[in-house]
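*Asks:* The following file, upload_21.cif, comprises mmCIF, C-alpha atoms and all ligand atoms:
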data_input
#
loop_
_atom_site.label_atom_id
_atom_site.label_comp_id
_atom_site.auth_asym_id
_atom_site.auth_seq_id
_atom_site.Cartn_x
_atom_site.Cartn_y
_atom_site.Cartn_z
CA MET A 1 47.75 184.06 22.57
CA THR A 2 50.94 183.14 20.71
CA ILE A 3 53.80 181.71 22.71
CA SER A 4 55.84 184.89 22.33
CA LYS A 5 52.83 186.96 23.50
CA GLN A 6 52.49 184.68 26.53
CA PHE A 7 56.12 185.26 27.41
CA GLU A 8 55.63 188.96 26.97
CA PHE A 9 52.60 188.80 29.26
CA ILE A 10 54.50 186.89 31.94
CA GLY A 11 57.46 189.27 31.63
CA ASN A 12 55.26 192.35 31.89
CA SER A 13 53.31 190.87 34.78
CA ILE A 14 56.52 190.40 36.68
CA ILE A 15 57.68 193.92 35.88
CA ASN A 16 54.28 195.42 36.68
CA GLY A 17 54.06 193.80 40.05
CA TRP A 18 51.72 190.87 39.44
CA SER A 19 53.10 188.12 41.64
CA ARG A 20 56.33 190.02 41.63
CA PRO A 21 58.82 188.05 43.69
CA ASN A 22 60.99 189.89 46.18
CA PRO A 23 64.25 190.37 44.28
CA ILE A 24 66.27 190.20 47.53
CA ASN A 25 65.13 186.60 47.96
CA ILE A 26 65.91 185.42 44.47
CA TYR A 27 69.35 186.90 43.78
CA PRO A 28 70.63 188.34 47.06
CA GLU A 29 74.17 188.40 45.67
CA LYS A 30 72.98 190.75 42.91
CA SER A 31 70.70 193.01 44.92
CA CYS A 32 72.54 193.41 48.23
CA GLY A 33 75.12 196.09 48.89
CA ILE A 34 77.29 193.40 50.43
CA PHE A 35 76.77 189.64 50.15
CA ALA A 36 79.18 187.15 51.66
CA GLU A 37 78.76 183.40 51.61
CA GLY A 38 80.78 180.65 53.28
CA ILE A 39 83.70 182.89 54.20
CA GLU A 40 86.53 180.94 55.75
CA MET A 41 89.93 182.30 56.60
CA THR A 42 92.94 180.31 57.75
CA TYR A 43 96.15 182.15 58.57
CA GLN A 44 99.31 180.18 58.08
CA SER A 45 102.61 181.28 59.57
CA GLY A 46 105.28 178.62 59.22
CA LYS A 47 103.75 175.36 60.44
CA GLU A 48 101.15 177.13 62.55
CA ARG A 49 97.65 177.34 61.15
CA PHE A 50 94.97 179.46 62.70
CA VAL A 51 91.35 179.39 61.59
CA ALA A 52 90.16 182.98 62.03
CA LEU A 53 86.80 182.70 60.23
CA LYS A 54 84.73 179.51 60.12
CA GLY A 55 82.07 179.99 57.46
CA ILE A 56 80.50 183.42 57.60
CA ASP A 57 77.30 184.23 55.69
CA LEU A 58 76.32 187.89 55.69
CA GLN A 59 73.90 190.02 53.70
CA ILE A 60 73.90 193.79 54.02
CA SER A 61 71.30 195.78 52.11
CA LYS A 62 72.25 198.94 50.27
CA GLY A 63 72.14 202.12 52.35
CA VAL A 64 72.28 200.29 55.66
CA ILE A 65 74.55 201.05 58.61
CA GLN A 66 75.84 197.70 59.79
CA LEU A 67 77.96 197.08 62.88
CA LEU A 68 80.31 194.15 63.38
CA MET A 69 80.90 193.60 67.08
CA GLY A 70 82.62 190.97 69.17
CA PRO A 71 85.53 190.42 71.53
CA SER A 72 89.11 191.10 70.56
CA GLY A 73 90.46 188.30 68.35
CA SER A 74 86.99 187.21 67.20
CA GLY A 75 87.82 187.93 63.53
CA LYS A 76 86.25 191.37 62.96
CA THR A 77 89.22 192.98 61.21
CA THR A 78 89.78 189.84 59.16
CA LEU A 79 86.15 189.83 58.02
CA LEU A 80 86.09 193.55 57.25
CA SER A 81 89.34 193.24 55.26
CA ILE A 82 87.84 190.38 53.27
CA LEU A 83 84.61 192.31 52.62
CA ALA A 84 86.73 195.23 51.38
CA GLY A 85 88.84 193.03 49.11
CA ILE A 86 92.01 193.81 51.09
CA LEU A 87 92.39 190.13 52.08
CA THR A 88 91.44 187.09 49.99
CA PRO A 89 89.50 184.46 51.95
CA THR A 90 90.65 180.84 52.01
CA ASN A 91 87.12 179.89 50.92
CA GLY A 92 83.89 181.66 50.11
CA LYS A 93 82.47 184.40 47.94
CA VAL A 94 82.01 188.12 48.38
CA HIS A 95 79.74 190.19 46.14
CA LEU A 96 79.77 193.97 46.44
CA LEU A 97 77.09 195.97 44.62
CA GLY A 98 76.22 192.86 42.61
CA LYS A 99 79.80 192.11 41.49
CA GLU A 100 81.76 189.12 42.78
CA ILE A 101 85.01 190.61 44.02
CA THR A 102 86.43 187.20 44.95
CA LYS A 103 86.53 186.40 41.21
CA MET A 104 88.27 189.59 40.16
CA SER A 105 91.90 189.92 39.06
CA ARG A 106 94.13 192.12 41.23
CA LYS A 107 93.81 194.93 38.72
CA GLN A 108 90.01 194.69 38.49
CA LEU A 109 89.78 194.55 42.27
CA SER A 110 91.97 197.58 42.86
CA ARG A 111 89.93 199.55 40.32
CA PHE A 112 86.68 198.41 41.94
CA ARG A 113 87.93 199.38 45.38
CA ARG A 114 89.10 202.75 44.10
CA ASP A 115 85.72 203.48 42.51
CA HIS A 116 83.34 202.10 45.14
CA ILE A 117 84.90 201.70 48.59
CA GLY A 118 86.08 204.21 51.17
CA PHE A 119 88.05 202.63 54.02
CA ILE A 120 88.76 204.18 57.40
CA PHE A 121 91.67 202.37 59.00
CA GLN A 122 92.21 201.88 62.69
CA GLY A 123 94.57 204.64 63.89
CA PHE A 124 93.77 207.21 61.15
CA ASN A 125 96.63 206.29 58.74
CA LEU A 126 97.16 209.87 57.58
CA PHE A 127 100.35 210.91 55.78
CA PRO A 128 102.23 212.90 58.44
CA ALA A 129 104.04 215.17 55.95
CA LEU A 130 100.83 216.20 54.16
CA THR A 131 98.33 218.77 55.39
CA ALA A 132 94.72 217.77 56.06
CA ALA A 133 93.75 219.16 52.66
CA GLU A 134 96.61 217.36 50.91
CA ASN A 135 95.70 214.07 52.58
CA VAL A 136 92.17 214.33 51.15
CA GLU A 137 93.47 215.63 47.82
CA LEU A 138 95.73 212.61 47.45
CA ALA A 139 92.75 210.29 47.89
CA LEU A 140 90.91 212.27 45.19
CA ASN A 141 93.97 212.06 42.91
CA ILE A 142 94.01 208.28 43.29
CA LYS A 143 90.34 208.27 42.25
CA GLY A 144 91.24 210.20 39.07
CA ILE A 145 90.18 213.67 40.30
CA LYS A 146 93.15 215.98 39.79
CA GLY A 147 94.40 219.57 39.92
CA LYS A 148 92.20 222.49 40.81
CA ILE A 149 89.03 220.38 41.03
CA ALA A 150 90.71 218.06 43.54
CA ARG A 151 91.86 221.06 45.60
CA GLN A 152 88.33 222.47 45.60
CA GLN A 153 86.68 219.13 46.44
CA SER A 154 89.15 218.46 49.24
CA LEU A 155 88.13 221.75 50.90
CA GLU A 156 84.44 220.94 50.39
CA LEU A 157 84.91 217.52 52.00
CA LEU A 158 86.81 219.02 54.91
CA SER A 159 84.07 221.57 55.47
CA GLN A 160 81.48 218.75 55.37
CA VAL A 161 83.28 217.22 58.34
CA GLY A 162 83.60 220.61 60.05
CA LEU A 163 87.32 221.06 59.45
CA ALA A 164 87.53 223.85 56.85
CA ALA A 165 89.51 226.03 59.26
CA LYS A 166 92.12 223.30 59.80
CA ALA A 167 92.68 222.40 56.14
CA GLN A 168 96.25 223.67 56.04
CA LEU A 169 97.43 221.98 59.25
CA LEU A 170 99.57 218.87 59.44
CA PRO A 171 98.18 215.79 61.25
CA ARG A 172 100.52 216.40 64.22
CA ASP A 173 98.74 219.73 64.82
CA LEU A 174 95.28 218.13 64.88
CA SER A 175 93.53 216.45 67.80
CA GLY A 176 92.53 212.77 67.58
CA GLY A 177 88.94 213.68 66.73
CA GLN A 178 90.09 216.07 64.03
CA LYS A 179 92.43 213.46 62.54
CA GLN A 180 89.54 211.00 62.41
CA ARG A 181 87.44 213.65 60.63
CA VAL A 182 90.19 213.99 58.02
CA ALA A 183 90.13 210.20 57.66
CA ILE A 184 86.35 210.36 57.12
CA ALA A 185 86.69 213.17 54.56
CA ARG A 186 89.28 211.03 52.79
CA ALA A 187 87.02 207.98 52.81
CA LEU A 188 84.21 210.10 51.33
CA ALA A 189 86.44 211.25 48.45
CA GLY A 190 84.95 210.29 45.11
CA ASN A 191 81.58 209.54 46.76
CA PRO A 192 81.96 205.77 47.27
CA GLN A 193 78.84 203.60 47.60
CA ILE A 194 80.38 201.58 50.42
CA ILE A 195 82.30 202.85 53.45
CA MET A 196 84.06 200.52 55.86
CA ALA A 197 85.61 201.57 59.14
CA ASP A 198 87.72 199.51 61.54
CA GLU A 199 87.24 200.70 65.13
CA PRO A 200 86.90 204.36 64.13
CA THR A 201 86.43 205.55 67.71
CA ALA A 202 89.08 203.38 69.37
CA ASP A 203 91.56 206.24 69.75
CA LEU A 204 89.04 208.94 70.64
CA ASP A 205 87.56 210.14 73.90
CA SER A 206 83.87 209.50 74.32
CA HIS A 207 82.69 212.96 73.21
CA ASN A 208 84.80 212.94 70.02
CA GLY A 209 83.98 209.30 69.34
CA GLN A 210 80.27 209.98 69.48
CA ALA A 211 80.58 213.10 67.29
CA VAL A 212 82.64 211.28 64.66
CA ILE A 213 80.19 208.39 64.42
CA GLU A 214 77.20 210.70 64.30
CA LEU A 215 78.85 212.55 61.45
CA LEU A 216 79.80 209.40 59.55
CA CYS A 217 76.27 207.97 59.86
CA GLN A 218 74.62 211.26 58.91
CA LEU A 219 76.78 211.67 55.79
CA ALA A 220 76.20 208.05 54.89
CA LYS A 221 72.41 208.37 55.23
CA GLU A 222 72.39 211.54 53.11
CA GLY A 223 74.39 209.84 50.39
CA GLY A 224 72.56 206.46 50.55
CA THR A 225 75.90 204.85 51.33
CA THR A 226 76.26 201.34 52.78
CA VAL A 227 78.41 201.54 55.91
CA VAL A 228 80.10 198.73 57.81
CA ILE A 229 81.67 199.67 61.13
CA VAL A 230 83.75 197.35 63.29
CA THR A 231 83.51 198.50 66.87
CA HIS A 232 83.70 197.65 70.52
CA ASP A 233 81.88 200.82 71.37
CA PRO A 234 78.35 200.12 72.64
CA ARG A 235 77.34 203.79 72.12
CA ILE A 236 77.54 203.27 68.36
CA LYS A 237 74.69 200.73 68.57
CA ALA A 238 72.18 203.58 68.64
CA PHE A 239 73.18 204.64 65.10
CA ALA A 240 73.08 201.17 63.53
CA ASP A 241 70.35 199.62 61.39
CA ASN A 242 71.76 196.18 62.05
CA ILE A 243 74.33 194.52 64.32
CA THR A 244 76.18 191.25 63.73
CA PHE A 245 78.14 189.66 66.57
CA LEU A 246 81.24 187.55 65.99
CA GLU A 247 82.83 185.14 68.41
CA ASP A 248 85.74 182.80 67.64
CA GLY A 249 85.33 183.36 63.92
CA GLU A 250 81.62 182.63 63.83
CA ILE A 251 78.45 184.69 63.78
CA VAL A 252 76.59 184.29 67.06
CA PRO A 253 73.10 185.47 67.93
CA GLY A 254 72.78 188.43 70.27
CA ASP A 255 75.51 190.03 72.32
CA PRO A 256 78.19 187.47 73.36
P1 LIG B 1 89.60 191.25 65.81
O1 LIG B 1 89.67 192.35 64.81
O2 LIG B 1 88.20 190.78 66.13
O3 LIG B 1 90.33 191.58 67.07
P2 LIG B 1 91.30 189.80 63.95
O4 LIG B 1 90.52 189.61 62.73
O5 LIG B 1 92.34 190.87 63.94
O6 LIG B 1 90.32 189.97 65.20
O7 LIG B 1 92.04 188.44 64.30
C1 LIG B 1 91.33 187.23 64.45
C2 LIG B 1 92.32 186.15 64.84
O8 LIG B 1 93.22 185.90 63.78
C3 LIG B 1 93.19 186.53 66.04
O9 LIG B 1 93.35 185.39 66.87
C4 LIG B 1 94.52 186.92 65.43
O10 LIG B 1 95.58 186.64 66.29
C5 LIG B 1 94.56 186.05 64.18
N1 LIG B 1 95.30 186.74 63.11
C6 LIG B 1 95.01 187.92 62.56
N2 LIG B 1 95.88 188.25 61.58
C7 LIG B 1 96.75 187.21 61.52
C8 LIG B 1 97.90 186.92 60.70
N3 LIG B 1 98.30 187.77 59.75
N4 LIG B 1 98.55 185.75 60.92
C9 LIG B 1 98.14 184.89 61.87
N5 LIG B 1 97.06 185.08 62.67
C10 LIG B 1 96.38 186.23 62.50
MG MG B 2 90.51 194.28 64.92
#
Rewrite the structure from the file as structure tokens, please.
Ligand code: ADP
Ligand code: MG
*Replies:*
Amino acid sequence: MTISKQFEFIGNSIINGWSRPNPINIYPEKSCGIFAEGIEMTYQSGKERFVALKGIDLQISKGVIQLLMGPSGSGKTTLLSILAGILTPTNGKVHLLGKEITKMSRKQLSRFRRDHIGFIFQGFNLFPALTAAENVELALNIKGIKGKIARQQSLELLSQVGLAAKAQLLPRDLSGGQKQRVAIARALAGNPQIIMADEPTADLDSHNGQAVIELLCQLAKEGGTTVVIVTHDPRIKAFADNITFLEDGEIVPGDP
């Protein structure tokens, strides 16, 4: 066999499964939905320094529903914001969908976030002067979907979350659960591959909280979306594929 044939043989063997290594083990940063390594975060205000994250390593496979749990002040929001590219860590790397976001310019990062990430903020964050439909439409507009198509898609998204009948109402005329459904519809706009949610049930009663999470997880599973949810809510555990616990800025085993 010539040398080039031998290489071809080895290449094909790998492709065809002969001693095929598990790709997750070789290049996790390329194959994971979310890969974070050595994440450290120090907040500085004046002379005060506060170390909020002390070296976090986290791998989340594509299509997985991952919870981040831990006591208040343990660093959950900080970590989620870093994973979403909203905050830049003091040290460490984050890869999303095989791309290192911690290396991107501001412009590249905002485009990447627009195209691939849906974020559900704590406390809904809806525009009070816009109707439910307009809130979702605006998110579609930002993702480059405009005009009549955006209007149509916004109604489709609202009916996916069971809110078609409330599309023309302002946030002040919606209940907490309904507002959170609008926030989910908005996060689903443009069909992102990753959805992140910071305490999505914190402002909801238990019935609405459960319904909202069930819906989010069901939509995510249908779309093969990777979902990261920060929560205190033990009822959400039942929907998760994986749970990571944080305490004092570190990952700890089990439930602290
Ligand atoms: P969690 O979401 O788990 O409650 P956070 O990530 O919000 O925790 O905060 C982790 C720690 O970092 C807390 O002690 C908080 O006070 C501190 N922290 C968060 N944001 C800032 C900031 N902008 N400046 C200084 N300290 C901060
Ligand atoms: Mg928080």
*Asks:* Atom CA of Ile101 of chain A and atom C6 of ligand LIG 1 (chain B) are how many Å apart?
*Replies:* 21.2 Å
*Asks:* Which is closer to Ile120 of chain A than all the others in A:Leu58, A:Leu163, A:Val227, A:Leu140, using only C-alpha atoms?
*Replies:*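 Once distances to Ile120 of chain A are computed over only C-alpha atoms, the minimum belongs to A:Val227.
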*Asks:* What is the atom CA of Gln168 of chain A to atom CA of Thr131 of chain A distance in Å?
*Replies:*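 So the answer is 5.4 Å.
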*Asks:* For a test of reading the model, state the distance in Å between atom CA of Gly190 of chain A and atom CA of Lys221 of chain A, rounded to one decimal.
*Replies:*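 Straight-line distance from atom CA of Gly190 of chain A to atom CA of Lys221 of chain A works out to 16.2 Å.
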*Asks:* Using all atoms listed in the file, what are the residues with an atom within 10 Å of ligand MG 2 (chain B), set out as an mmCIF file with C-alpha atoms, in the frame of the given file?
*Replies:*
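Once written, part-v1.cif looks like this:
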data_model
loop_
_atom_site.group_PDB
_atom_site.id
_atom_site.type_symbol
_atom_site.label_atom_id
_atom_site.label_comp_id
_atom_site.auth_asym_id
_atom_site.auth_seq_id
_atom_site.Cartn_x
_atom_site.Cartn_y
_atom_site.Cartn_z
ATOM 1 C CA MET A 69 80.900 193.600 67.080
ATOM 2 C CA GLY A 70 82.620 190.970 69.170
ATOM 3 C CA PRO A 71 85.530 190.420 71.530
ATOM 4 C CA SER A 72 89.110 191.100 70.560
ATOM 5 C CA GLY A 73 90.460 188.300 68.350
ATOM 6 C CA SER A 74 86.990 187.210 67.200
ATOM 7 C CA GLY A 75 87.820 187.930 63.530
ATOM 8 C CA LYS A 76 86.250 191.370 62.960
ATOM 9 C CA THR A 77 89.220 192.980 61.210
ATOM 10 C CA THR A 78 89.780 189.840 59.160
ATOM 11 C CA LEU A 79 86.150 189.830 58.020
ATOM 12 C CA LEU A 80 86.090 193.550 57.250
ATOM 13 C CA SER A 81 89.340 193.240 55.260
ATOM 14 C CA GLN A 122 92.210 201.880 62.690
ATOM 15 C CA ASP A 198 87.720 199.510 61.540
ATOM 16 C CA GLU A 199 87.240 200.700 65.130
ATOM 17 C CA VAL A 230 83.750 197.350 63.290
ATOM 18 C CA THR A 231 83.510 198.500 66.870
ATOM 19 C CA HIS A 232 83.700 197.650 70.520
#
*Asks:* Could you give me, as a list in words, the residues that sit within 7 Å of (86.5, 202.6, 49.3) in the file's coordinates, counting all atoms listed in the file?
*Replies:*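 Every residue inside that radius is included here: Arg113, Arg114, Asp115, His116, Ile117, Gly118, Phe119, Ala187, Pro192, Ile194 and Ile195 of chain A.
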*Asks:* With only C-alpha atoms and all ligand atoms as the atoms that count, which of A:Ile229, A:Ala165, A:Ile236, A:Cys217 lies nearest to ligand LIG 1 (chain B)?
*Replies:* A:Ile229
*Asks:* Counting all atoms listed in the file, find residues at most 12 Å from (78.3, 189.2, 44.4) (file frame) and give them as an mmCIF file with C-alpha atoms, in the coordinates of the input.
*Replies:*
data_model
loop_
_atom_site.group_PDB
_atom_site.id
_atom_site.type_symbol
_atom_site.label_atom_id
_atom_site.label_comp_id
_atom_site.auth_asym_id
_atom_site.auth_seq_id
_atom_site.Cartn_x
_atom_site.Cartn_y
_atom_site.Cartn_z
ATOM 1 C CA TYR A 27 69.350 186.900 43.780
ATOM 2 C CA PRO A 28 70.630 188.340 47.060
ATOM 3 C CA GLU A 29 74.170 188.400 45.670
ATOM 4 C CA LYS A 30 72.980 190.750 42.910
ATOM 5 C CA SER A 31 70.700 193.010 44.920
ATOM 6 C CA CYS A 32 72.540 193.410 48.230
ATOM 7 C CA GLY A 33 75.120 196.090 48.890
ATOM 8 C CA ILE A 34 77.290 193.400 50.430
ATOM 9 C CA PHE A 35 76.770 189.640 50.150
ATOM 10 C CA ALA A 36 79.180 187.150 51.660
ATOM 11 C CA GLU A 37 78.760 183.400 51.610
ATOM 12 C CA LEU A 58 76.320 187.890 55.690
ATOM 13 C CA GLN A 59 73.900 190.020 53.700
ATOM 14 C CA ILE A 60 73.900 193.790 54.020
ATOM 15 C CA LEU A 83 84.610 192.310 52.620
ATOM 16 C CA GLY A 92 83.890 181.660 50.110
ATOM 17 C CA LYS A 93 82.470 184.400 47.940
ATOM 18 C CA VAL A 94 82.010 188.120 48.380
ATOM 19 C CA HIS A 95 79.740 190.190 46.140
ATOM 20 C CA LEU A 96 79.770 193.970 46.440
ATOM 21 C CA LEU A 97 77.090 195.970 44.620
ATOM 22 C CA GLY A 98 76.220 192.860 42.610
ATOM 23 C CA LYS A 99 79.800 192.110 41.490
ATOM 24 C CA GLU A 100 81.760 189.120 42.780
ATOM 25 C CA ILE A 101 85.010 190.610 44.020
ATOM 26 C CA THR A 102 86.430 187.200 44.950
ATOM 27 C CA LYS A 103 86.530 186.400 41.210
ATOM 28 C CA MET A 104 88.270 189.590 40.160
#
*Asks:* For each of A:Ala240, A:Leu246, A:Leu67, A:Ala197, take the minimum atom-to-atom distance to ligand LIG 1 (chain B), counting all atoms listed in the file, then give the residue where this is smallest.
*Replies:*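 Of A:Ala240, A:Leu246, A:Leu67, A:Ala197, the one nearest ligand LIG 1 (chain B) is A:Leu246, counting all atoms listed in the file.
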